[in-house]
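Chemist: My structure is below; once you've seen it, I'll send some questions.
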Amino acid sequence: MSTLTATPETPETATQAPARPGYRVTGRRVLASEWAKLWSLRSTWITLGLGLLFLVAFGVIAASHYKSNLDSGRHMDRDFASATAVSLSLFGTNFAQLALGVLGVLVTAGEYSTGMIRSTLAAVPRRLPVLWSKAAVYGLVALVVATVGAFGAFLVGSQILSGTPAAMGLGHAGVVRSLLGAGLYLGLVGVIGTALGALLRSVAGGISVLVAALMLVPGLVSLLPTSWQGDIDPYLPSHAGESIFALTHDSTTLSPSAGLLVFLGWTAVALAGAAYRLLRSDV
């Protein structure tokens with residue numbers, strides 16, 4: 001007959017726990033997580049594609065319309081007659097900013113609507129790295145897509161406008177700066193959308209505030225007395241952003257560097273509000 005002998009349990013073996021891998025939350029891992037989440041969403045591909053389409057398609061349409069009016073001898077209004085290849089190619093910026101800004105709102109507010117934000121903040125308890133990573137990852141993606149679209153629209157538009165008074169090439173003074181400025185502006189719009197989504201925690205609310213800030217407020221300001229408009233208009237988010245990529249400037253607009261500083265200020269305000277609520281409010 002065989003007998004089984006049990007090994008006596010000692011205090012050392014009783015308290016010994018199985019080895020666990022040492023995982024640490026690092027900035028690089030949070031960035032990698034947000035990068036993976038961004039590209040796993042179907043809305044990312046659709047909205048980025050729409051933003052790129054708006055930027056290129058409307059730029060080409062504007063250039064074609066200018067060329068058609070010029071060839072037919074039809075009258076063009078003053079603003080359109082003084083257009084350049086840069087302004088015509090970047091005509092779709094106002095439409096692209098909506099697509100890229102809306103996706104920025106979805107990046108953060110979408111997690112609140114689905115409840116996934118609880119898992120995200122459970123994995124990264126310090127919270128703020130989540131906001132910085134979302135803003136950085138999406139801002140960089142929006143910047144790249146917008147810059148590619150701006151240069152693509154200009155290259156196609158300059159071919160259409162060849163031989164016209166609006167014709168310009170990449171070698172003309174200020175052209176490259178304007179195209180890079182357009183990409184930077186749209187990238188920052190994406191960051192502002194991300195901040196508004198985290199601040200309001202509502203897709204509908206974030207989109208509404210974004211559209212109001214970029215499109216409705218300038219129209220309301222135009223109803224104010226003229227003496228007030230000159231003091232307010234240049235510092236509105238949309239007008240400050242336009243001065244970043246405008247080829248020419250006058251006394252009523254900011255310089256590119258001043259416009260960039262003002263728009264960075266608006267971006268910082270949105271991010272500060274989002275950070276404050278993220279730290280002070282429960283999810």
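Within each chain, counting starts at residue 1; across the structure tokens, chains are named A, B, ... in the order shown, with ligands numbered 1 upward in that order.
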Go through stretch 166-224 of chain A and collect every residue that DSSP, computed from the backbone, puts in alpha helix (DSSP H); the answer should be as a ChimeraX atom specification.
Modeler: /A:175-200,203-211,217-221
Chemist: Just the residues within 9 Å of A:Ala167, please, counting only C-alpha atoms, with nothing from its chain fewer than 2 positions along; format it as a CSV table (one decimal) with N, CA, C and O atoms, in the first residue's frame.
Modeler:
chain,number,residue,atom,x,y,z
A,84,THR,N,-6.1,84.7,-54.8
A,84,THR,CA,-4.8,84.1,-55.2
A,84,THR,C,-5.0,82.6,-55.2
A,84,THR,O,-6.0,82.0,-54.7
A,85,ALA,N,-4.0,81.9,-55.7
A,85,ALA,CA,-4.0,80.4,-55.7
A,85,ALA,C,-4.1,79.9,-54.3
A,85,ALA,O,-4.7,78.8,-54.1
A,86,VAL,N,-3.5,80.6,-53.4
A,86,VAL,CA,-3.5,80.1,-52.0
A,86,VAL,C,-4.9,80.2,-51.4
A,86,VAL,O,-5.4,79.3,-50.8
A,157,GLY,N,-4.8,72.9,-57.6
A,157,GLY,CA,-5.4,74.2,-57.9
A,157,GLY,C,-4.4,75.1,-58.7
A,157,GLY,O,-4.8,75.8,-59.6
A,158,SER,N,-3.1,75.0,-58.4
A,158,SER,CA,-2.2,75.8,-59.1
A,158,SER,C,-2.1,75.4,-60.6
A,158,SER,O,-1.8,76.2,-61.5
A,159,GLN,N,-2.3,74.1,-60.8
A,159,GLN,CA,-2.3,73.7,-62.2
A,159,GLN,C,-3.5,74.2,-63.0
A,159,GLN,O,-3.4,74.6,-64.1
A,160,ILE,N,-4.7,74.3,-62.3
A,160,ILE,CA,-5.9,74.8,-62.9
A,160,ILE,C,-5.7,76.3,-63.2
A,160,ILE,O,-6.2,76.8,-64.2
A,161,LEU,N,-5.1,77.0,-62.3
A,161,LEU,CA,-4.9,78.5,-62.4
A,161,LEU,C,-3.7,78.9,-63.1
A,161,LEU,O,-3.4,80.1,-63.2
A,162,SER,N,-3.0,78.0,-63.7
A,162,SER,CA,-1.8,78.4,-64.5
A,162,SER,C,-2.2,79.4,-65.6
A,162,SER,O,-3.1,79.2,-66.3
A,163,GLY,N,-1.4,80.5,-65.7
A,163,GLY,CA,-1.6,81.5,-66.7
A,163,GLY,C,-2.7,82.5,-66.4
A,163,GLY,O,-3.0,83.4,-67.2
A,164,THR,N,-3.2,82.5,-65.2
A,164,THR,CA,-4.2,83.4,-64.7
A,164,THR,C,-3.5,84.4,-63.7
A,164,THR,O,-2.4,84.1,-63.2
A,165,PRO,N,-4.2,85.6,-63.4
A,165,PRO,CA,-3.6,86.5,-62.5
A,165,PRO,C,-3.4,85.9,-61.1
A,165,PRO,O,-2.6,86.4,-60.3
A,169,GLY,N,3.2,79.6,-57.4
A,169,GLY,CA,3.8,78.4,-57.1
A,169,GLY,C,4.3,78.3,-55.7
A,169,GLY,O,4.3,79.2,-54.9
Chemist: What lies within 10 Å of A:Gly92 using only C-alpha atoms, ignoring chain neighbours under 4 positions off, as a ChimeraX atom specification?
Modeler: /A:51-62,87-88,96-97,149-150,153
Chemist: Atom CA of A:Phe151 to atom CA of A:Gly219: how many Å, to one decimal?
Modeler: 29.3 Å
Chemist: Report as JSON lines the residues of stretch 35-153 of chain A within 10 Å of stretch 202-208 of chain A, each with its shortest atom pair and distance in Å (one decimal), using only C-alpha atoms, ordered by chain and increasing residue number.
Modeler:
{"residue": "A:Leu98", "atom": "CA", "partner": "A:Ile207", "partner_atom": "CA", "distance": 8.8}
{"residue": "A:Gly101", "atom": "CA", "partner": "A:Ile207", "partner_atom": "CA", "distance": 7.8}
{"residue": "A:Val102", "atom": "CA", "partner": "A:Ile207", "partner_atom": "CA", "distance": 5.9}
{"residue": "A:Leu103", "atom": "CA", "partner": "A:Ile207", "partner_atom": "CA", "distance": 9.2}
{"residue": "A:Gly104", "atom": "CA", "partner": "A:Ile207", "partner_atom": "CA", "distance": 9.3}
{"residue": "A:Val105", "atom": "CA", "partner": "A:Gly206", "partner_atom": "CA", "distance": 5.9}
{"residue": "A:Leu106", "atom": "CA", "partner": "A:Val203", "partner_atom": "CA", "distance": 6.2}
{"residue": "A:Val107", "atom": "CA", "partner": "A:Val203", "partner_atom": "CA", "distance": 9.4}
{"residue": "A:Thr108", "atom": "CA", "partner": "A:Val203", "partner_atom": "CA", "distance": 8.6}
{"residue": "A:Ala109", "atom": "CA", "partner": "A:Ser202", "partner_atom": "CA", "distance": 5.3}
{"residue": "A:Gly110", "atom": "CA", "partner": "A:Val203", "partner_atom": "CA", "distance": 6.5}
{"residue": "A:Glu111", "atom": "CA", "partner": "A:Ser202", "partner_atom": "CA", "distance": 9.6}
{"residue": "A:Tyr112", "atom": "CA", "partner": "A:Ser202", "partner_atom": "CA", "distance": 7.3}
{"residue": "A:Ser113", "atom": "CA", "partner": "A:Ser202", "partner_atom": "CA", "distance": 7.0}
Chemist: Just write the chosen residues, N, CA, C and O atoms, as an mmCIF file, in the first residue's frame.
Modeler:
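Saved to selection-v6.cif:
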data_model
loop_
_atom_site.group_PDB
_atom_site.id
_atom_site.type_symbol
_atom_site.label_atom_id
_atom_site.label_comp_id
_atom_site.auth_asym_id
_atom_site.auth_seq_id
_atom_site.Cartn_x
_atom_site.Cartn_y
_atom_site.Cartn_z
ATOM 1 N N LEU A 98 -14.900 71.772 -39.583
ATOM 2 C CA LEU A 98 -16.048 71.152 -38.930
ATOM 3 C C LEU A 98 -15.845 69.645 -38.787
ATOM 4 O O LEU A 98 -16.106 69.064 -37.728
ATOM 5 N N GLY A 101 -12.956 69.056 -36.274
ATOM 6 C CA GLY A 101 -13.365 69.439 -34.932
ATOM 7 C C GLY A 101 -14.383 68.482 -34.344
ATOM 8 O O GLY A 101 -14.320 68.136 -33.159
ATOM 9 N N VAL A 102 -15.330 68.037 -35.162
ATOM 10 C CA VAL A 102 -16.341 67.089 -34.689
ATOM 11 C C VAL A 102 -15.684 65.774 -34.268
ATOM 12 O O VAL A 102 -16.046 65.190 -33.235
ATOM 13 N N LEU A 103 -14.718 65.307 -35.027
ATOM 14 C CA LEU A 103 -14.034 64.074 -34.646
ATOM 15 C C LEU A 103 -13.277 64.266 -33.330
ATOM 16 O O LEU A 103 -13.213 63.353 -32.504
ATOM 17 N N GLY A 104 -12.720 65.453 -33.115
ATOM 18 C CA GLY A 104 -12.068 65.721 -31.833
ATOM 19 C C GLY A 104 -13.046 65.599 -30.674
ATOM 20 O O GLY A 104 -12.704 65.048 -29.621
ATOM 21 N N VAL A 105 -14.266 66.115 -30.852
ATOM 22 C CA VAL A 105 -15.286 65.966 -29.807
ATOM 23 C C VAL A 105 -15.596 64.492 -29.565
ATOM 24 O O VAL A 105 -15.720 64.037 -28.420
ATOM 25 N N LEU A 106 -15.727 63.725 -30.649
ATOM 26 C CA LEU A 106 -16.047 62.298 -30.514
ATOM 27 C C LEU A 106 -14.952 61.523 -29.798
ATOM 28 O O LEU A 106 -15.238 60.546 -29.096
ATOM 29 N N VAL A 107 -13.701 61.935 -29.958
ATOM 30 C CA VAL A 107 -12.584 61.226 -29.340
ATOM 31 C C VAL A 107 -12.747 61.168 -27.829
ATOM 32 O O VAL A 107 -12.434 60.147 -27.186
ATOM 33 N N THR A 108 -13.234 62.252 -27.226
ATOM 34 C CA THR A 108 -13.380 62.277 -25.762
ATOM 35 C C THR A 108 -14.822 62.059 -25.324
ATOM 36 O O THR A 108 -15.100 61.190 -24.498
ATOM 37 N N ALA A 109 -15.758 62.830 -25.868
ATOM 38 C CA ALA A 109 -17.151 62.710 -25.432
ATOM 39 C C ALA A 109 -17.732 61.344 -25.780
ATOM 40 O O ALA A 109 -18.628 60.857 -25.086
ATOM 41 N N GLY A 110 -17.220 60.716 -26.847
ATOM 42 C CA GLY A 110 -17.712 59.400 -27.210
ATOM 43 C C GLY A 110 -17.486 58.367 -26.118
ATOM 44 O O GLY A 110 -18.308 57.472 -25.919
ATOM 45 N N GLU A 111 -16.384 58.493 -25.387
ATOM 46 C CA GLU A 111 -16.115 57.547 -24.298
ATOM 47 C C GLU A 111 -17.069 57.761 -23.132
ATOM 48 O O GLU A 111 -17.407 56.823 -22.419
ATOM 49 N N TYR A 112 -17.491 59.003 -22.905
ATOM 50 C CA TYR A 112 -18.462 59.255 -21.849
ATOM 51 C C TYR A 112 -19.830 58.709 -22.219
ATOM 52 O O TYR A 112 -20.564 58.196 -21.365
ATOM 53 N N SER A 113 -20.209 58.804 -23.476
ATOM 54 C CA SER A 113 -21.523 58.317 -23.894
ATOM 55 C C SER A 113 -21.610 56.798 -23.854
ATOM 56 O O SER A 113 -22.687 56.249 -23.615
#
Chemist: Please report as CSV every residue of stretch 68-140 of chain A lying within 10 Å of stretch 257-273 of chain A, along with the nearest atom pair and their distance in Å (one decimal), using only C-alpha atoms.
Modeler:
residue,atom,partner,partner_atom,distance
A:Leu131,CA,A:Leu271,CA,8.4
A:Trp132,CA,A:Leu271,CA,8.7
A:Ala135,CA,A:Leu271,CA,8.7
Chemist: Go ahead and dump the residues you just picked, N, CA and C atoms, as a short mmCIF file (atom, residue, chain, number, x, y, z; two decimals), in the first residue's frame.
Modeler:
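Final file, part27.cif:
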data_model
loop_
_atom_site.label_atom_id
_atom_site.label_comp_id
_atom_site.auth_asym_id
_atom_site.auth_seq_id
_atom_site.Cartn_x
_atom_site.Cartn_y
_atom_site.Cartn_z
N LEU A 131 -6.11 62.92 -20.81
CA LEU A 131 -6.49 64.10 -21.59
C LEU A 131 -5.35 64.57 -22.47
N TRP A 132 -4.14 64.67 -21.91
CA TRP A 132 -2.99 65.13 -22.71
C TRP A 132 -2.72 64.17 -23.86
N ALA A 135 -5.42 64.53 -26.63
CA ALA A 135 -5.23 65.78 -27.38
C ALA A 135 -4.00 65.69 -28.27
#
Chemist: A:Thr47: which residues within 8 Å, counting only C-alpha atoms, same-chain residues fewer than 2 positions away excluded, as a list in words?
Modeler: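 Once the nearby chain positions are removed, what remains is Ser43, Thr44, Trp45, Gly49, Leu50, Gly51, Ala99, Leu100 and Leu103 of chain A.
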Chemist: Got time to write the residues from that selection, N, CA, C and O atoms, as a JSON list (two decimals), in the first residue's frame?
Modeler:
[["chain", "number", "residue", "atom", "x", "y", "z"],
["A", 43, "SER", "N", -15.55, 55.73, -37.14],
["A", 43, "SER", "CA", -15.78, 57.17, -37.33],
["A", 43, "SER", "C", -14.48, 57.92, -37.60],
["A", 43, "SER", "O", -14.50, 58.97, -38.27],
["A", 44, "THR", "N", -13.36, 57.41, -37.10],
["A", 44, "THR", "CA", -12.07, 58.06, -37.36],
["A", 44, "THR", "C", -11.77, 58.07, -38.84],
["A", 44, "THR", "O", -11.44, 59.13, -39.42],
["A", 45, "TRP", "N", -11.87, 56.92, -39.47],
["A", 45, "TRP", "CA", -11.56, 56.82, -40.90],
["A", 45, "TRP", "C", -12.54, 57.64, -41.73],
["A", 45, "TRP", "O", -12.15, 58.34, -42.68],
["A", 49, "GLY", "N", -11.46, 61.13, -43.60],
["A", 49, "GLY", "CA", -11.64, 61.12, -45.05],
["A", 49, "GLY", "C", -12.49, 62.28, -45.52],
["A", 49, "GLY", "O", -12.19, 62.91, -46.55],
["A", 50, "LEU", "N", -13.56, 62.59, -44.77],
["A", 50, "LEU", "CA", -14.40, 63.73, -45.13],
["A", 50, "LEU", "C", -13.64, 65.05, -45.01],
["A", 50, "LEU", "O", -13.76, 65.93, -45.86],
["A", 51, "GLY", "N", -12.84, 65.19, -43.94],
["A", 51, "GLY", "CA", -12.06, 66.40, -43.78],
["A", 51, "GLY", "C", -11.09, 66.60, -44.93],
["A", 51, "GLY", "O", -10.95, 67.71, -45.46],
["A", 99, "ALA", "N", -15.38, 69.01, -39.86],
["A", 99, "ALA", "CA", -15.18, 67.56, -39.81],
["A", 99, "ALA", "C", -14.11, 67.20, -38.79],
["A", 99, "ALA", "O", -14.31, 66.30, -37.95],
["A", 100, "LEU", "N", -12.98, 67.89, -38.81],
["A", 100, "LEU", "CA", -11.89, 67.56, -37.89],
["A", 100, "LEU", "C", -12.24, 67.94, -36.46],
["A", 100, "LEU", "O", -11.86, 67.26, -35.51],
["A", 103, "LEU", "N", -14.72, 65.31, -35.03],
["A", 103, "LEU", "CA", -14.03, 64.07, -34.65],
["A", 103, "LEU", "C", -13.28, 64.27, -33.33],
["A", 103, "LEU", "O", -13.21, 63.35, -32.50]]
Chemist: My list of candidates is A:Arg118, A:Ser133, A:Met168, A:Met215. Which is closest to A:Ala83 when distances are computed with only C-alpha atoms?
Modeler: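 Closest to A:Ala83, using only C-alpha atoms: A:Met168.
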Chemist: For a quick check of understanding, using only C-alpha atoms, which of A:Ala36, A:Ser89, A:Leu184, A:Leu236 has the smallest distance to A:Ala63?
Modeler: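 The answer is A:Ser89, which sits nearest to A:Ala63.
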Chemist: If we count only C-alpha atoms and set the cut-off at 7 Å, which residues sit around A:Leu186, ignoring sequence neighbours fewer than 5 positions away in its own chain? Please answer as an MDAnalysis selection string.
Modeler: chainID A and resid 97 142:143 146
Chemist: Distance atom CA of A:Trp35-atom CA of A:Val145, one decimal place?
Modeler: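 Atom CA of A:Trp35 sits 15.2 Å away from atom CA of A:Val145.
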